[in-house]
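Shown below: work-v2.cif, with mmCIF, N, CA and C atoms.
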data_my_file
#
loop_
_atom_site.label_atom_id
_atom_site.label_comp_id
_atom_site.auth_asym_id
_atom_site.auth_seq_id
_atom_site.Cartn_x
_atom_site.Cartn_y
_atom_site.Cartn_z
N GLY A 20 -0.81 -7.15 -6.22
CA GLY A 20 -0.08 -7.43 -7.40
C GLY A 20 1.15 -6.58 -7.51
N LYS A 21 1.71 -6.66 -8.65
CA LYS A 21 2.96 -5.97 -8.94
C LYS A 21 2.74 -4.56 -9.47
N GLY A 22 1.51 -4.15 -9.68
CA GLY A 22 1.28 -2.84 -10.28
C GLY A 22 1.47 -2.92 -11.77
N ARG A 23 1.79 -1.80 -12.38
CA ARG A 23 1.97 -1.77 -13.83
C ARG A 23 3.26 -2.48 -14.22
N VAL A 24 3.18 -3.22 -15.31
CA VAL A 24 4.34 -3.95 -15.82
C VAL A 24 4.53 -3.54 -17.26
N PHE A 25 5.75 -3.13 -17.60
CA PHE A 25 6.09 -2.77 -18.96
C PHE A 25 7.17 -3.72 -19.45
N VAL A 26 6.93 -4.35 -20.59
CA VAL A 26 7.86 -5.33 -21.13
C VAL A 26 8.33 -4.86 -22.49
N ALA A 27 9.64 -4.77 -22.66
CA ALA A 27 10.24 -4.50 -23.98
C ALA A 27 11.21 -5.65 -24.25
N ASP A 28 10.78 -6.60 -25.07
CA ASP A 28 11.55 -7.82 -25.27
C ASP A 28 11.09 -8.47 -26.56
N ASP A 29 11.71 -9.59 -26.91
CA ASP A 29 11.30 -10.36 -28.08
C ASP A 29 9.89 -10.89 -27.80
N PHE A 30 8.92 -10.35 -28.52
CA PHE A 30 7.52 -10.62 -28.23
C PHE A 30 7.18 -12.11 -28.31
N PHE A 31 7.73 -12.80 -29.29
CA PHE A 31 7.39 -14.21 -29.47
C PHE A 31 8.14 -15.13 -28.51
N ALA A 32 9.34 -14.73 -28.09
CA ALA A 32 10.16 -15.61 -27.27
C ALA A 32 10.01 -15.36 -25.76
N HIS A 33 9.50 -14.22 -25.38
CA HIS A 33 9.42 -13.84 -23.96
C HIS A 33 8.50 -14.78 -23.18
N ASP A 34 8.91 -15.11 -21.96
CA ASP A 34 8.10 -15.95 -21.08
C ASP A 34 7.19 -15.05 -20.25
N PHE A 35 5.96 -14.87 -20.72
CA PHE A 35 5.02 -13.98 -20.04
C PHE A 35 4.43 -14.60 -18.79
N SER A 36 4.67 -15.88 -18.55
CA SER A 36 4.09 -16.52 -17.37
C SER A 36 4.67 -15.94 -16.08
N VAL A 37 5.81 -15.26 -16.15
CA VAL A 37 6.38 -14.64 -14.95
C VAL A 37 5.48 -13.54 -14.40
N TYR A 38 4.54 -13.05 -15.21
CA TYR A 38 3.60 -12.02 -14.77
C TYR A 38 2.27 -12.62 -14.34
N ALA A 39 2.20 -13.92 -14.27
CA ALA A 39 0.94 -14.62 -14.06
C ALA A 39 0.67 -14.97 -12.60
N GLU A 40 1.35 -14.32 -11.68
CA GLU A 40 1.09 -14.56 -10.27
C GLU A 40 -0.39 -14.31 -9.99
N GLY A 41 -1.04 -15.24 -9.39
CA GLY A 41 -2.47 -15.11 -9.14
C GLY A 41 -3.32 -15.52 -10.33
N ASN A 42 -2.67 -15.97 -11.40
CA ASN A 42 -3.40 -16.40 -12.60
C ASN A 42 -3.14 -17.89 -12.84
N GLY A 43 -2.80 -18.61 -11.79
CA GLY A 43 -2.56 -20.04 -11.89
C GLY A 43 -1.34 -20.39 -12.72
N GLY A 44 -0.41 -19.44 -12.88
CA GLY A 44 0.80 -19.69 -13.65
C GLY A 44 0.60 -19.59 -15.15
N SER A 45 -0.62 -19.35 -15.59
CA SER A 45 -0.89 -19.23 -17.02
C SER A 45 -0.61 -17.81 -17.48
N GLU A 46 0.00 -17.69 -18.66
CA GLU A 46 0.27 -16.35 -19.19
C GLU A 46 -0.94 -15.77 -19.91
N GLU A 47 -1.98 -16.56 -20.08
CA GLU A 47 -3.18 -16.08 -20.78
C GLU A 47 -3.94 -15.09 -19.91
N GLY A 48 -4.32 -13.99 -20.51
CA GLY A 48 -5.15 -13.00 -19.84
C GLY A 48 -4.46 -12.23 -18.73
N VAL A 49 -3.16 -12.00 -18.82
CA VAL A 49 -2.44 -11.33 -17.73
C VAL A 49 -2.34 -9.81 -17.90
N PHE A 50 -2.64 -9.27 -19.08
CA PHE A 50 -2.47 -7.84 -19.30
C PHE A 50 -3.80 -7.14 -19.59
N ASP A 51 -3.93 -5.94 -19.05
CA ASP A 51 -5.09 -5.10 -19.35
C ASP A 51 -4.97 -4.50 -20.74
N SER A 52 -3.75 -4.21 -21.15
CA SER A 52 -3.54 -3.65 -22.49
C SER A 52 -2.16 -4.03 -23.00
N ILE A 53 -2.05 -4.08 -24.31
CA ILE A 53 -0.79 -4.32 -25.00
C ILE A 53 -0.68 -3.26 -26.08
N ILE A 54 0.48 -2.62 -26.15
CA ILE A 54 0.70 -1.53 -27.10
C ILE A 54 1.80 -1.93 -28.08
N PHE A 55 1.48 -1.82 -29.36
CA PHE A 55 2.49 -1.94 -30.41
C PHE A 55 2.78 -0.51 -30.87
N CYS A 56 3.91 0.03 -30.47
CA CYS A 56 4.27 1.41 -30.81
C CYS A 56 5.32 1.38 -31.92
N SER A 57 4.92 1.84 -33.08
CA SER A 57 5.82 1.92 -34.25
C SER A 57 6.47 0.59 -34.57
N SER A 58 5.72 -0.52 -34.40
CA SER A 58 6.36 -1.82 -34.57
C SER A 58 5.54 -2.87 -35.30
N LEU A 59 4.23 -2.80 -35.29
CA LEU A 59 3.42 -3.89 -35.84
C LEU A 59 3.77 -4.17 -37.30
N HIS A 60 4.00 -3.14 -38.08
CA HIS A 60 4.31 -3.31 -39.50
C HIS A 60 5.69 -3.93 -39.73
N ASP A 61 6.55 -3.92 -38.71
CA ASP A 61 7.89 -4.49 -38.84
C ASP A 61 7.97 -5.97 -38.47
N LEU A 62 6.93 -6.49 -37.85
CA LEU A 62 6.96 -7.88 -37.42
C LEU A 62 6.76 -8.81 -38.61
N PRO A 63 7.53 -9.90 -38.68
CA PRO A 63 7.42 -10.80 -39.83
C PRO A 63 6.07 -11.51 -39.94
N ASP A 64 5.38 -11.67 -38.83
CA ASP A 64 4.09 -12.37 -38.82
C ASP A 64 3.08 -11.52 -38.04
N MET A 65 2.48 -10.55 -38.72
CA MET A 65 1.56 -9.63 -38.06
C MET A 65 0.39 -10.37 -37.43
N GLU A 66 -0.23 -11.29 -38.17
CA GLU A 66 -1.37 -12.02 -37.63
C GLU A 66 -0.97 -12.87 -36.42
N GLY A 67 0.21 -13.48 -36.49
CA GLY A 67 0.71 -14.26 -35.35
C GLY A 67 0.95 -13.39 -34.13
N ALA A 68 1.46 -12.19 -34.35
CA ALA A 68 1.71 -11.27 -33.24
C ALA A 68 0.39 -10.83 -32.60
N ILE A 69 -0.60 -10.54 -33.43
CA ILE A 69 -1.90 -10.14 -32.90
C ILE A 69 -2.52 -11.31 -32.13
N SER A 70 -2.43 -12.51 -32.67
CA SER A 70 -2.97 -13.69 -32.00
C SER A 70 -2.31 -13.89 -30.63
N LYS A 71 -0.99 -13.74 -30.58
CA LYS A 71 -0.26 -13.87 -29.31
C LYS A 71 -0.71 -12.79 -28.34
N ALA A 72 -0.82 -11.55 -28.83
CA ALA A 72 -1.24 -10.45 -27.97
C ALA A 72 -2.64 -10.70 -27.41
N VAL A 73 -3.54 -11.17 -28.26
CA VAL A 73 -4.92 -11.44 -27.82
C VAL A 73 -4.93 -12.48 -26.70
N SER A 74 -4.07 -13.48 -26.81
CA SER A 74 -4.04 -14.52 -25.77
C SER A 74 -3.55 -13.96 -24.43
N LEU A 75 -2.78 -12.89 -24.47
CA LEU A 75 -2.24 -12.30 -23.25
C LEU A 75 -3.19 -11.27 -22.62
N LEU A 76 -4.18 -10.83 -23.38
CA LEU A 76 -5.12 -9.82 -22.89
C LEU A 76 -6.18 -10.45 -21.99
N ARG A 77 -6.54 -9.72 -20.95
CA ARG A 77 -7.64 -10.21 -20.10
C ARG A 77 -8.93 -10.18 -20.90
N PRO A 78 -9.82 -11.11 -20.64
CA PRO A 78 -11.09 -11.14 -21.37
C PRO A 78 -11.99 -9.98 -20.95
N ASN A 79 -12.97 -9.71 -21.77
CA ASN A 79 -13.99 -8.70 -21.48
C ASN A 79 -13.42 -7.32 -21.21
N GLY A 80 -12.64 -6.83 -22.15
CA GLY A 80 -12.20 -5.44 -22.03
C GLY A 80 -10.73 -5.18 -22.22
N GLY A 81 -9.90 -6.21 -22.34
CA GLY A 81 -8.49 -5.98 -22.60
C GLY A 81 -8.32 -5.20 -23.90
N LYS A 82 -7.35 -4.30 -23.96
CA LYS A 82 -7.18 -3.43 -25.12
C LYS A 82 -5.87 -3.74 -25.86
N LEU A 83 -5.98 -3.78 -27.17
CA LEU A 83 -4.83 -3.89 -28.04
C LEU A 83 -4.71 -2.54 -28.75
N VAL A 84 -3.59 -1.86 -28.53
CA VAL A 84 -3.39 -0.51 -29.05
C VAL A 84 -2.24 -0.54 -30.05
N ILE A 85 -2.52 -0.05 -31.24
CA ILE A 85 -1.50 0.04 -32.28
C ILE A 85 -1.34 1.51 -32.61
N VAL A 86 -0.14 2.03 -32.42
CA VAL A 86 0.11 3.45 -32.61
C VAL A 86 1.41 3.65 -33.40
N HIS A 87 1.39 4.65 -34.26
CA HIS A 87 2.60 5.08 -34.96
C HIS A 87 2.51 6.60 -35.08
N PRO A 88 3.34 7.33 -34.32
CA PRO A 88 3.22 8.79 -34.28
C PRO A 88 3.41 9.48 -35.62
N GLN A 89 4.12 8.85 -36.55
CA GLN A 89 4.35 9.47 -37.86
C GLN A 89 3.24 9.13 -38.86
N GLY A 90 2.35 8.24 -38.50
CA GLY A 90 1.20 7.94 -39.32
C GLY A 90 1.39 6.81 -40.32
N ALA A 91 0.24 6.34 -40.82
CA ALA A 91 0.22 5.23 -41.77
C ALA A 91 0.87 5.61 -43.10
N MET A 92 0.70 6.85 -43.52
CA MET A 92 1.29 7.28 -44.78
C MET A 92 2.81 7.21 -44.73
N HIS A 93 3.38 7.54 -43.59
CA HIS A 93 4.83 7.43 -43.40
C HIS A 93 5.28 5.98 -43.57
N VAL A 94 4.53 5.05 -43.00
CA VAL A 94 4.87 3.63 -43.11
C VAL A 94 4.74 3.16 -44.55
N ILE A 95 3.72 3.62 -45.25
CA ILE A 95 3.57 3.28 -46.68
C ILE A 95 4.79 3.76 -47.45
N GLY A 96 5.26 4.97 -47.17
CA GLY A 96 6.46 5.50 -47.81
C GLY A 96 7.69 4.65 -47.52
N GLN A 97 7.82 4.21 -46.27
CA GLN A 97 8.93 3.31 -45.90
C GLN A 97 8.85 2.00 -46.68
N HIS A 98 7.64 1.47 -46.78
CA HIS A 98 7.43 0.21 -47.51
C HIS A 98 7.80 0.38 -48.98
N GLN A 99 7.38 1.47 -49.58
CA GLN A 99 7.69 1.70 -51.00
C GLN A 99 9.18 1.89 -51.22
N ALA A 100 9.85 2.54 -50.27
CA ALA A 100 11.29 2.79 -50.40
C ALA A 100 12.11 1.53 -50.15
N ASN A 101 11.65 0.66 -49.25
CA ASN A 101 12.42 -0.53 -48.90
C ASN A 101 11.48 -1.65 -48.45
N PRO A 102 10.85 -2.34 -49.42
CA PRO A 102 9.90 -3.40 -49.05
C PRO A 102 10.52 -4.60 -48.35
N VAL A 103 11.83 -4.74 -48.42
CA VAL A 103 12.49 -5.84 -47.71
C VAL A 103 12.49 -5.55 -46.20
N MET A 104 12.79 -4.31 -45.84
CA MET A 104 12.84 -3.94 -44.42
C MET A 104 11.44 -3.68 -43.84
N VAL A 105 10.56 -3.09 -44.63
CA VAL A 105 9.20 -2.79 -44.18
C VAL A 105 8.26 -3.52 -45.13
N SER A 106 7.82 -4.69 -44.71
CA SER A 106 7.11 -5.59 -45.62
C SER A 106 5.64 -5.25 -45.83
N ARG A 107 5.10 -4.32 -45.06
CA ARG A 107 3.68 -3.98 -45.20
C ARG A 107 3.42 -2.61 -44.59
N GLY A 108 2.25 -2.09 -44.91
CA GLY A 108 1.77 -0.89 -44.25
C GLY A 108 0.98 -1.27 -43.00
N LEU A 109 0.46 -0.27 -42.33
CA LEU A 109 -0.40 -0.51 -41.18
C LEU A 109 -1.82 -0.79 -41.67
N PRO A 110 -2.56 -1.63 -40.99
CA PRO A 110 -3.91 -1.95 -41.44
C PRO A 110 -4.83 -0.72 -41.45
N THR A 111 -5.57 -0.58 -42.54
CA THR A 111 -6.60 0.46 -42.62
C THR A 111 -7.82 0.00 -41.82
N ALA A 112 -8.78 0.88 -41.67
CA ALA A 112 -10.01 0.51 -40.96
C ALA A 112 -10.67 -0.71 -41.61
N ASN A 113 -10.77 -0.70 -42.94
CA ASN A 113 -11.39 -1.84 -43.63
C ASN A 113 -10.57 -3.12 -43.47
N GLU A 114 -9.25 -2.99 -43.48
CA GLU A 114 -8.41 -4.17 -43.28
C GLU A 114 -8.58 -4.73 -41.87
N TRP A 115 -8.74 -3.85 -40.86
CA TRP A 115 -9.00 -4.33 -39.50
C TRP A 115 -10.32 -5.09 -39.46
N ILE A 116 -11.33 -4.54 -40.09
CA ILE A 116 -12.64 -5.20 -40.11
C ILE A 116 -12.52 -6.58 -40.75
N ASP A 117 -11.78 -6.67 -41.87
CA ASP A 117 -11.57 -7.96 -42.53
C ASP A 117 -10.81 -8.93 -41.64
N LEU A 118 -9.75 -8.45 -40.95
CA LEU A 118 -8.96 -9.31 -40.06
C LEU A 118 -9.81 -9.81 -38.90
N ILE A 119 -10.61 -8.93 -38.32
CA ILE A 119 -11.46 -9.32 -37.19
C ILE A 119 -12.47 -10.38 -37.62
N GLU A 120 -12.98 -10.23 -38.85
CA GLU A 120 -13.92 -11.23 -39.38
C GLU A 120 -13.21 -12.55 -39.68
N LYS A 121 -12.04 -12.46 -40.30
CA LYS A 121 -11.28 -13.66 -40.68
C LYS A 121 -10.83 -14.44 -39.44
N PHE A 122 -10.40 -13.72 -38.42
CA PHE A 122 -9.91 -14.34 -37.19
C PHE A 122 -10.91 -14.08 -36.06
N SER A 123 -12.12 -14.56 -36.24
CA SER A 123 -13.19 -14.30 -35.26
C SER A 123 -12.84 -14.89 -33.89
N ASP A 124 -11.97 -15.91 -33.86
CA ASP A 124 -11.58 -16.50 -32.58
C ASP A 124 -10.76 -15.53 -31.72
N TRP A 125 -10.25 -14.45 -32.31
CA TRP A 125 -9.55 -13.42 -31.52
C TRP A 125 -10.52 -12.76 -30.55
N GLY A 126 -11.79 -12.67 -30.92
CA GLY A 126 -12.77 -12.01 -30.06
C GLY A 126 -12.51 -10.52 -29.92
N LEU A 127 -12.15 -9.86 -31.01
CA LEU A 127 -11.84 -8.43 -30.97
C LEU A 127 -12.92 -7.61 -31.65
N SER A 128 -13.08 -6.40 -31.17
CA SER A 128 -13.90 -5.41 -31.86
C SER A 128 -13.06 -4.15 -32.01
N LEU A 129 -13.31 -3.40 -33.06
CA LEU A 129 -12.56 -2.19 -33.35
C LEU A 129 -13.20 -1.04 -32.58
N GLU A 130 -12.51 -0.57 -31.57
CA GLU A 130 -13.03 0.47 -30.70
C GLU A 130 -12.67 1.87 -31.19
N HIS A 131 -11.47 2.03 -31.74
CA HIS A 131 -11.05 3.31 -32.31
C HIS A 131 -10.51 3.04 -33.70
N VAL A 132 -11.16 3.63 -34.69
CA VAL A 132 -10.84 3.40 -36.10
C VAL A 132 -9.67 4.30 -36.50
N PRO A 133 -8.63 3.74 -37.13
CA PRO A 133 -7.52 4.59 -37.56
C PRO A 133 -7.94 5.52 -38.70
N ALA A 134 -7.32 6.68 -38.76
CA ALA A 134 -7.59 7.62 -39.84
C ALA A 134 -7.10 7.05 -41.16
N ASP A 135 -7.72 7.46 -42.24
CA ASP A 135 -7.28 7.07 -43.57
C ASP A 135 -5.85 7.56 -43.77
N PRO A 136 -4.97 6.72 -44.37
CA PRO A 136 -3.56 7.10 -44.51
C PRO A 136 -3.32 8.43 -45.21
N ARG A 137 -4.18 8.83 -46.09
CA ARG A 137 -3.95 10.07 -46.84
C ARG A 137 -4.75 11.25 -46.27
N SER A 138 -5.29 11.09 -45.09
CA SER A 138 -6.14 12.12 -44.50
C SER A 138 -5.33 13.11 -43.66
N ASP A 139 -5.96 14.25 -43.40
CA ASP A 139 -5.34 15.23 -42.53
C ASP A 139 -5.14 14.67 -41.12
N GLY A 140 -6.08 13.83 -40.67
CA GLY A 140 -5.98 13.22 -39.34
C GLY A 140 -4.74 12.37 -39.19
N ASP A 141 -4.41 11.58 -40.21
CA ASP A 141 -3.22 10.74 -40.17
C ASP A 141 -1.96 11.60 -40.17
N ILE A 142 -1.96 12.63 -40.98
CA ILE A 142 -0.80 13.52 -41.07
C ILE A 142 -0.60 14.28 -39.76
N LYS A 143 -1.68 14.78 -39.21
CA LYS A 143 -1.62 15.61 -38.00
C LYS A 143 -1.43 14.77 -36.73
N ASP A 144 -2.21 13.69 -36.59
CA ASP A 144 -2.26 12.94 -35.33
C ASP A 144 -1.53 11.61 -35.36
N GLY A 145 -1.15 11.12 -36.53
CA GLY A 145 -0.52 9.81 -36.61
C GLY A 145 -1.55 8.70 -36.67
N TYR A 146 -1.09 7.48 -36.51
CA TYR A 146 -1.93 6.28 -36.62
C TYR A 146 -2.30 5.81 -35.23
N LEU A 147 -3.58 5.53 -35.03
CA LEU A 147 -4.05 4.96 -33.79
C LEU A 147 -5.21 4.03 -34.07
N ALA A 148 -5.06 2.78 -33.69
CA ALA A 148 -6.15 1.80 -33.75
C ALA A 148 -6.23 1.17 -32.37
N VAL A 149 -7.45 1.06 -31.84
CA VAL A 149 -7.66 0.42 -30.55
C VAL A 149 -8.69 -0.68 -30.75
N LEU A 150 -8.29 -1.88 -30.33
CA LEU A 150 -9.18 -3.04 -30.43
C LEU A 150 -9.46 -3.54 -29.02
N LYS A 151 -10.68 -3.98 -28.80
CA LYS A 151 -11.11 -4.43 -27.49
C LYS A 151 -11.45 -5.91 -27.53
N LYS A 152 -10.94 -6.64 -26.53
CA LYS A 152 -11.25 -8.06 -26.44
C LYS A 152 -12.60 -8.23 -25.75
N THR A 153 -13.45 -8.99 -26.42
CA THR A 153 -14.80 -9.18 -25.89
C THR A 153 -14.91 -10.47 -25.11
#
Go ahead and render the structure in this file as structure tokens.
Amino acid sequence: GKGRVFVADDFFAHDFSVYAEGNGGSEEGVFDSIIFCSSLHDLPDMEGAISKAVSLLRPNGGKLVIVHPQGAMHVIGQHQANPVMVSRGLPTANEWIDLIEKFSDWGLSLEHVPADPRSDGDIKDGYLAVLKKT
């Protein structure tokens, strides 16, 4: 194969099938992991982005990683200061559980629970949620 592939592009418009060599030309299941770094809360359709990411993850172990080094509380502050530019906060642990239940066809489980936005963990370590495709 091509080894590690890193893509920084328009997530919804990008043609991921170019990475599907050996996958029958299908873009489904081509990545071991997908990382949203300081970006998930900025996307206009968070659920649509997650759904797209899930389709690109390999089955039985692909990882969806959502990280924000400044933490969920920082994003909440951005949202409160400018809700037009930052339309939402990052999902809390309970919100992830609700999303996973609501969109059971994603086939995700919450492997690493993000710290509560007002906790010392969020302030010190930032936001990290890891979901695993089953």
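Secondary structure by DSSP on the backbone puts the following residues of chain A in strand (DSSP E): Ser52, Ile53, Ile54, Phe55, Cys56, Lys82, Leu83, Val84, Ile85, Val86, His87, Leu127, Ser128, Leu129, Glu130, His131, Tyr146, Leu147, Ala148, Val149, Leu150, Lys151 and Lys152 of chain A.
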Those residues with N, CA and C atoms, as a compact mmCIF listing (two decimals), keeping the file's coordinate frame please?
# COMPACT_ATOMS: atom_id res chain seq x y z
N SER A 52 -3.75 -4.21 -21.15
CA SER A 52 -3.54 -3.65 -22.49
C SER A 52 -2.16 -4.03 -23.00
N ILE A 53 -2.05 -4.08 -24.31
CA ILE A 53 -0.79 -4.32 -25.00
C ILE A 53 -0.68 -3.26 -26.08
N ILE A 54 0.48 -2.62 -26.15
CA ILE A 54 0.70 -1.53 -27.10
C ILE A 54 1.80 -1.93 -28.08
N PHE A 55 1.48 -1.82 -29.36
CA PHE A 55 2.49 -1.94 -30.41
C PHE A 55 2.78 -0.51 -30.87
N CYS A 56 3.91 0.03 -30.47
CA CYS A 56 4.27 1.41 -30.81
C CYS A 56 5.32 1.38 -31.92
N LYS A 82 -7.35 -4.30 -23.96
CA LYS A 82 -7.18 -3.43 -25.12
C LYS A 82 -5.87 -3.74 -25.86
N LEU A 83 -5.98 -3.78 -27.17
CA LEU A 83 -4.83 -3.89 -28.04
C LEU A 83 -4.71 -2.54 -28.75
N VAL A 84 -3.59 -1.86 -28.53
CA VAL A 84 -3.39 -0.51 -29.05
C VAL A 84 -2.24 -0.54 -30.05
N ILE A 85 -2.52 -0.05 -31.24
CA ILE A 85 -1.50 0.04 -32.28
C ILE A 85 -1.34 1.51 -32.61
N VAL A 86 -0.14 2.03 -32.42
CA VAL A 86 0.11 3.45 -32.61
C VAL A 86 1.41 3.65 -33.40
N HIS A 87 1.39 4.65 -34.26
CA HIS A 87 2.60 5.08 -34.96
C HIS A 87 2.51 6.60 -35.08
N LEU A 127 -12.15 -9.86 -31.01
CA LEU A 127 -11.84 -8.43 -30.97
C LEU A 127 -12.92 -7.61 -31.65
N SER A 128 -13.08 -6.40 -31.17
CA SER A 128 -13.90 -5.41 -31.86
C SER A 128 -13.06 -4.15 -32.01
N LEU A 129 -13.31 -3.40 -33.06
CA LEU A 129 -12.56 -2.19 -33.35
C LEU A 129 -13.20 -1.04 -32.58
N GLU A 130 -12.51 -0.57 -31.57
CA GLU A 130 -13.03 0.47 -30.70
C GLU A 130 -12.67 1.87 -31.19
N HIS A 131 -11.47 2.03 -31.74
CA HIS A 131 -11.05 3.31 -32.31
C HIS A 131 -10.51 3.04 -33.70
N TYR A 146 -1.09 7.48 -36.51
CA TYR A 146 -1.93 6.28 -36.62
C TYR A 146 -2.30 5.81 -35.23
N LEU A 147 -3.58 5.53 -35.03
CA LEU A 147 -4.05 4.96 -33.79
C LEU A 147 -5.21 4.03 -34.07
N ALA A 148 -5.06 2.78 -33.69
CA ALA A 148 -6.15 1.80 -33.75
C ALA A 148 -6.23 1.17 -32.37
N VAL A 149 -7.45 1.06 -31.84
CA VAL A 149 -7.66 0.42 -30.55
C VAL A 149 -8.69 -0.68 -30.75
N LEU A 150 -8.29 -1.88 -30.33
CA LEU A 150 -9.18 -3.04 -30.43
C LEU A 150 -9.46 -3.54 -29.02
N LYS A 151 -10.68 -3.98 -28.80
CA LYS A 151 -11.11 -4.43 -27.49
C LYS A 151 -11.45 -5.91 -27.53
N LYS A 152 -10.94 -6.64 -26.53
CA LYS A 152 -11.25 -8.06 -26.44
C LYS A 152 -12.60 -8.23 -25.75
| request: Tell me, as JSON, numbers by chain, which residues lie within 9 Å of Pro110 of chain A, counting only C-alpha atoms; anything in the same chain fewer than 3 positions away does not count. | output: {"A": [60, 91, 107, 113, 114, 115, 133, 148]}
Output check: residues returned by the PyMOL selection byres ((chain A and resi 81) around 8), as a PDB file with N, CA and C atoms, in the frame of the given file:
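This is the output file result-v2.pdb:
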ATOM      1  N   PHE A  50      -2.640  -9.270 -19.080  1.00  0.00           N
ATOM      2  CA  PHE A  50      -2.470  -7.840 -19.300  1.00  0.00           C
ATOM      3  C   PHE A  50      -3.800  -7.140 -19.590  1.00  0.00           C
ATOM      4  N   ASP A  51      -3.930  -5.940 -19.050  1.00  0.00           N
ATOM      5  CA  ASP A  51      -5.090  -5.100 -19.350  1.00  0.00           C
ATOM      6  C   ASP A  51      -4.970  -4.500 -20.740  1.00  0.00           C
ATOM      7  N   SER A  52      -3.750  -4.210 -21.150  1.00  0.00           N
ATOM      8  CA  SER A  52      -3.540  -3.650 -22.490  1.00  0.00           C
ATOM      9  C   SER A  52      -2.160  -4.030 -23.000  1.00  0.00           C
ATOM     10  N   ILE A  53      -2.050  -4.080 -24.310  1.00  0.00           N
ATOM     11  CA  ILE A  53      -0.790  -4.320 -25.000  1.00  0.00           C
ATOM     12  C   ILE A  53      -0.680  -3.260 -26.080  1.00  0.00           C
ATOM     13  N   LEU A  75      -2.780 -12.890 -24.470  1.00  0.00           N
ATOM     14  CA  LEU A  75      -2.240 -12.300 -23.250  1.00  0.00           C
ATOM     15  C   LEU A  75      -3.190 -11.270 -22.620  1.00  0.00           C
ATOM     16  N   LEU A  76      -4.180 -10.830 -23.380  1.00  0.00           N
ATOM     17  CA  LEU A  76      -5.120  -9.820 -22.890  1.00  0.00           C
ATOM     18  C   LEU A  76      -6.180 -10.450 -21.990  1.00  0.00           C
ATOM     19  N   ARG A  77      -6.540  -9.720 -20.950  1.00  0.00           N
ATOM     20  CA  ARG A  77      -7.640 -10.210 -20.100  1.00  0.00           C
ATOM     21  C   ARG A  77      -8.930 -10.180 -20.900  1.00  0.00           C
ATOM     22  N   PRO A  78      -9.820 -11.110 -20.640  1.00  0.00           N
ATOM     23  CA  PRO A  78     -11.090 -11.140 -21.370  1.00  0.00           C
ATOM     24  C   PRO A  78     -11.990  -9.980 -20.950  1.00  0.00           C
ATOM     25  N   ASN A  79     -12.970  -9.710 -21.770  1.00  0.00           N
ATOM     26  CA  ASN A  79     -13.990  -8.700 -21.480  1.00  0.00           C
ATOM     27  C   ASN A  79     -13.420  -7.320 -21.210  1.00  0.00           C
ATOM     28  N   GLY A  80     -12.640  -6.830 -22.150  1.00  0.00           N
ATOM     29  CA  GLY A  80     -12.200  -5.440 -22.030  1.00  0.00           C
ATOM     30  C   GLY A  80     -10.730  -5.180 -22.220  1.00  0.00           C
ATOM     31  N   LYS A  82      -7.350  -4.300 -23.960  1.00  0.00           N
ATOM     32  CA  LYS A  82      -7.180  -3.430 -25.120  1.00  0.00           C
ATOM     33  C   LYS A  82      -5.870  -3.740 -25.860  1.00  0.00           C
ATOM     34  N   LEU A  83      -5.980  -3.780 -27.170  1.00  0.00           N
ATOM     35  CA  LEU A  83      -4.830  -3.890 -28.040  1.00  0.00           C
ATOM     36  C   LEU A  83      -4.710  -2.540 -28.750  1.00  0.00           C
ATOM     37  N   VAL A  84      -3.590  -1.860 -28.530  1.00  0.00           N
ATOM     38  CA  VAL A  84      -3.390  -0.510 -29.050  1.00  0.00           C
ATOM     39  C   VAL A  84      -2.240  -0.540 -30.050  1.00  0.00           C
ATOM     40  N   LEU A 150      -8.290  -1.880 -30.330  1.00  0.00           N
ATOM     41  CA  LEU A 150      -9.180  -3.040 -30.430  1.00  0.00           C
ATOM     42  C   LEU A 150      -9.460  -3.540 -29.020  1.00  0.00           C
ATOM     43  N   LYS A 151     -10.680  -3.980 -28.800  1.00  0.00           N
ATOM     44  CA  LYS A 151     -11.110  -4.430 -27.490  1.00  0.00           C
ATOM     45  C   LYS A 151     -11.450  -5.910 -27.530  1.00  0.00           C
ATOM     46  N   LYS A 152     -10.940  -6.640 -26.530  1.00  0.00           N
ATOM     47  CA  LYS A 152     -11.250  -8.060 -26.440  1.00  0.00           C
ATOM     48  C   LYS A 152     -12.600  -8.230 -25.750  1.00  0.00           C
ATOM     49  N   THR A 153     -13.450  -8.990 -26.420  1.00  0.00           N
ATOM     50  CA  THR A 153     -14.800  -9.180 -25.890  1.00  0.00           C
ATOM     51  C   THR A 153     -14.910 -10.470 -25.110  1.00  0.00           C
TER      52      THR A 153
END
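Residue nearest Leu59 of chain A within the list A:Ala32, A:Ala72, A:Leu109, A:Val149: A:Leu109 [criterion: smallest interatomic distance, only C-alpha atoms].
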Run through the PyMOL selection byres ((chain A and resi 61) around 7) on the given coordinates and return the selected residues as a tab-separated table (two decimals) with N, CA and C atoms, in the coordinates of the input.
chain	number	residue	atom	x	y	z
A	57	SER	N	4.92	1.84	-33.08
A	57	SER	CA	5.82	1.92	-34.25
A	57	SER	C	6.47	0.59	-34.57
A	58	SER	N	5.72	-0.52	-34.40
A	58	SER	CA	6.36	-1.82	-34.57
A	58	SER	C	5.54	-2.87	-35.30
A	59	LEU	N	4.23	-2.80	-35.29
A	59	LEU	CA	3.42	-3.89	-35.84
A	59	LEU	C	3.77	-4.17	-37.30
A	60	HIS	N	4.00	-3.14	-38.08
A	60	HIS	CA	4.31	-3.31	-39.50
A	60	HIS	C	5.69	-3.93	-39.73
A	62	LEU	N	6.93	-6.49	-37.85
A	62	LEU	CA	6.96	-7.88	-37.42
A	62	LEU	C	6.76	-8.81	-38.61
A	63	PRO	N	7.53	-9.90	-38.68
A	63	PRO	CA	7.42	-10.80	-39.83
A	63	PRO	C	6.07	-11.51	-39.94
A	64	ASP	N	5.38	-11.67	-38.83
A	64	ASP	CA	4.09	-12.37	-38.82
A	64	ASP	C	3.08	-11.52	-38.04
A	104	MET	N	12.79	-4.31	-45.84
A	104	MET	CA	12.84	-3.94	-44.42
A	104	MET	C	11.44	-3.68	-43.84
A	105	VAL	N	10.56	-3.09	-44.63
A	105	VAL	CA	9.20	-2.79	-44.18
A	105	VAL	C	8.26	-3.52	-45.13
A	106	SER	N	7.82	-4.69	-44.71
A	106	SER	CA	7.11	-5.59	-45.62
A	106	SER	C	5.64	-5.25	-45.83
A	107	ARG	N	5.10	-4.32	-45.06
A	107	ARG	CA	3.68	-3.98	-45.20
A	107	ARG	C	3.42	-2.61	-44.59
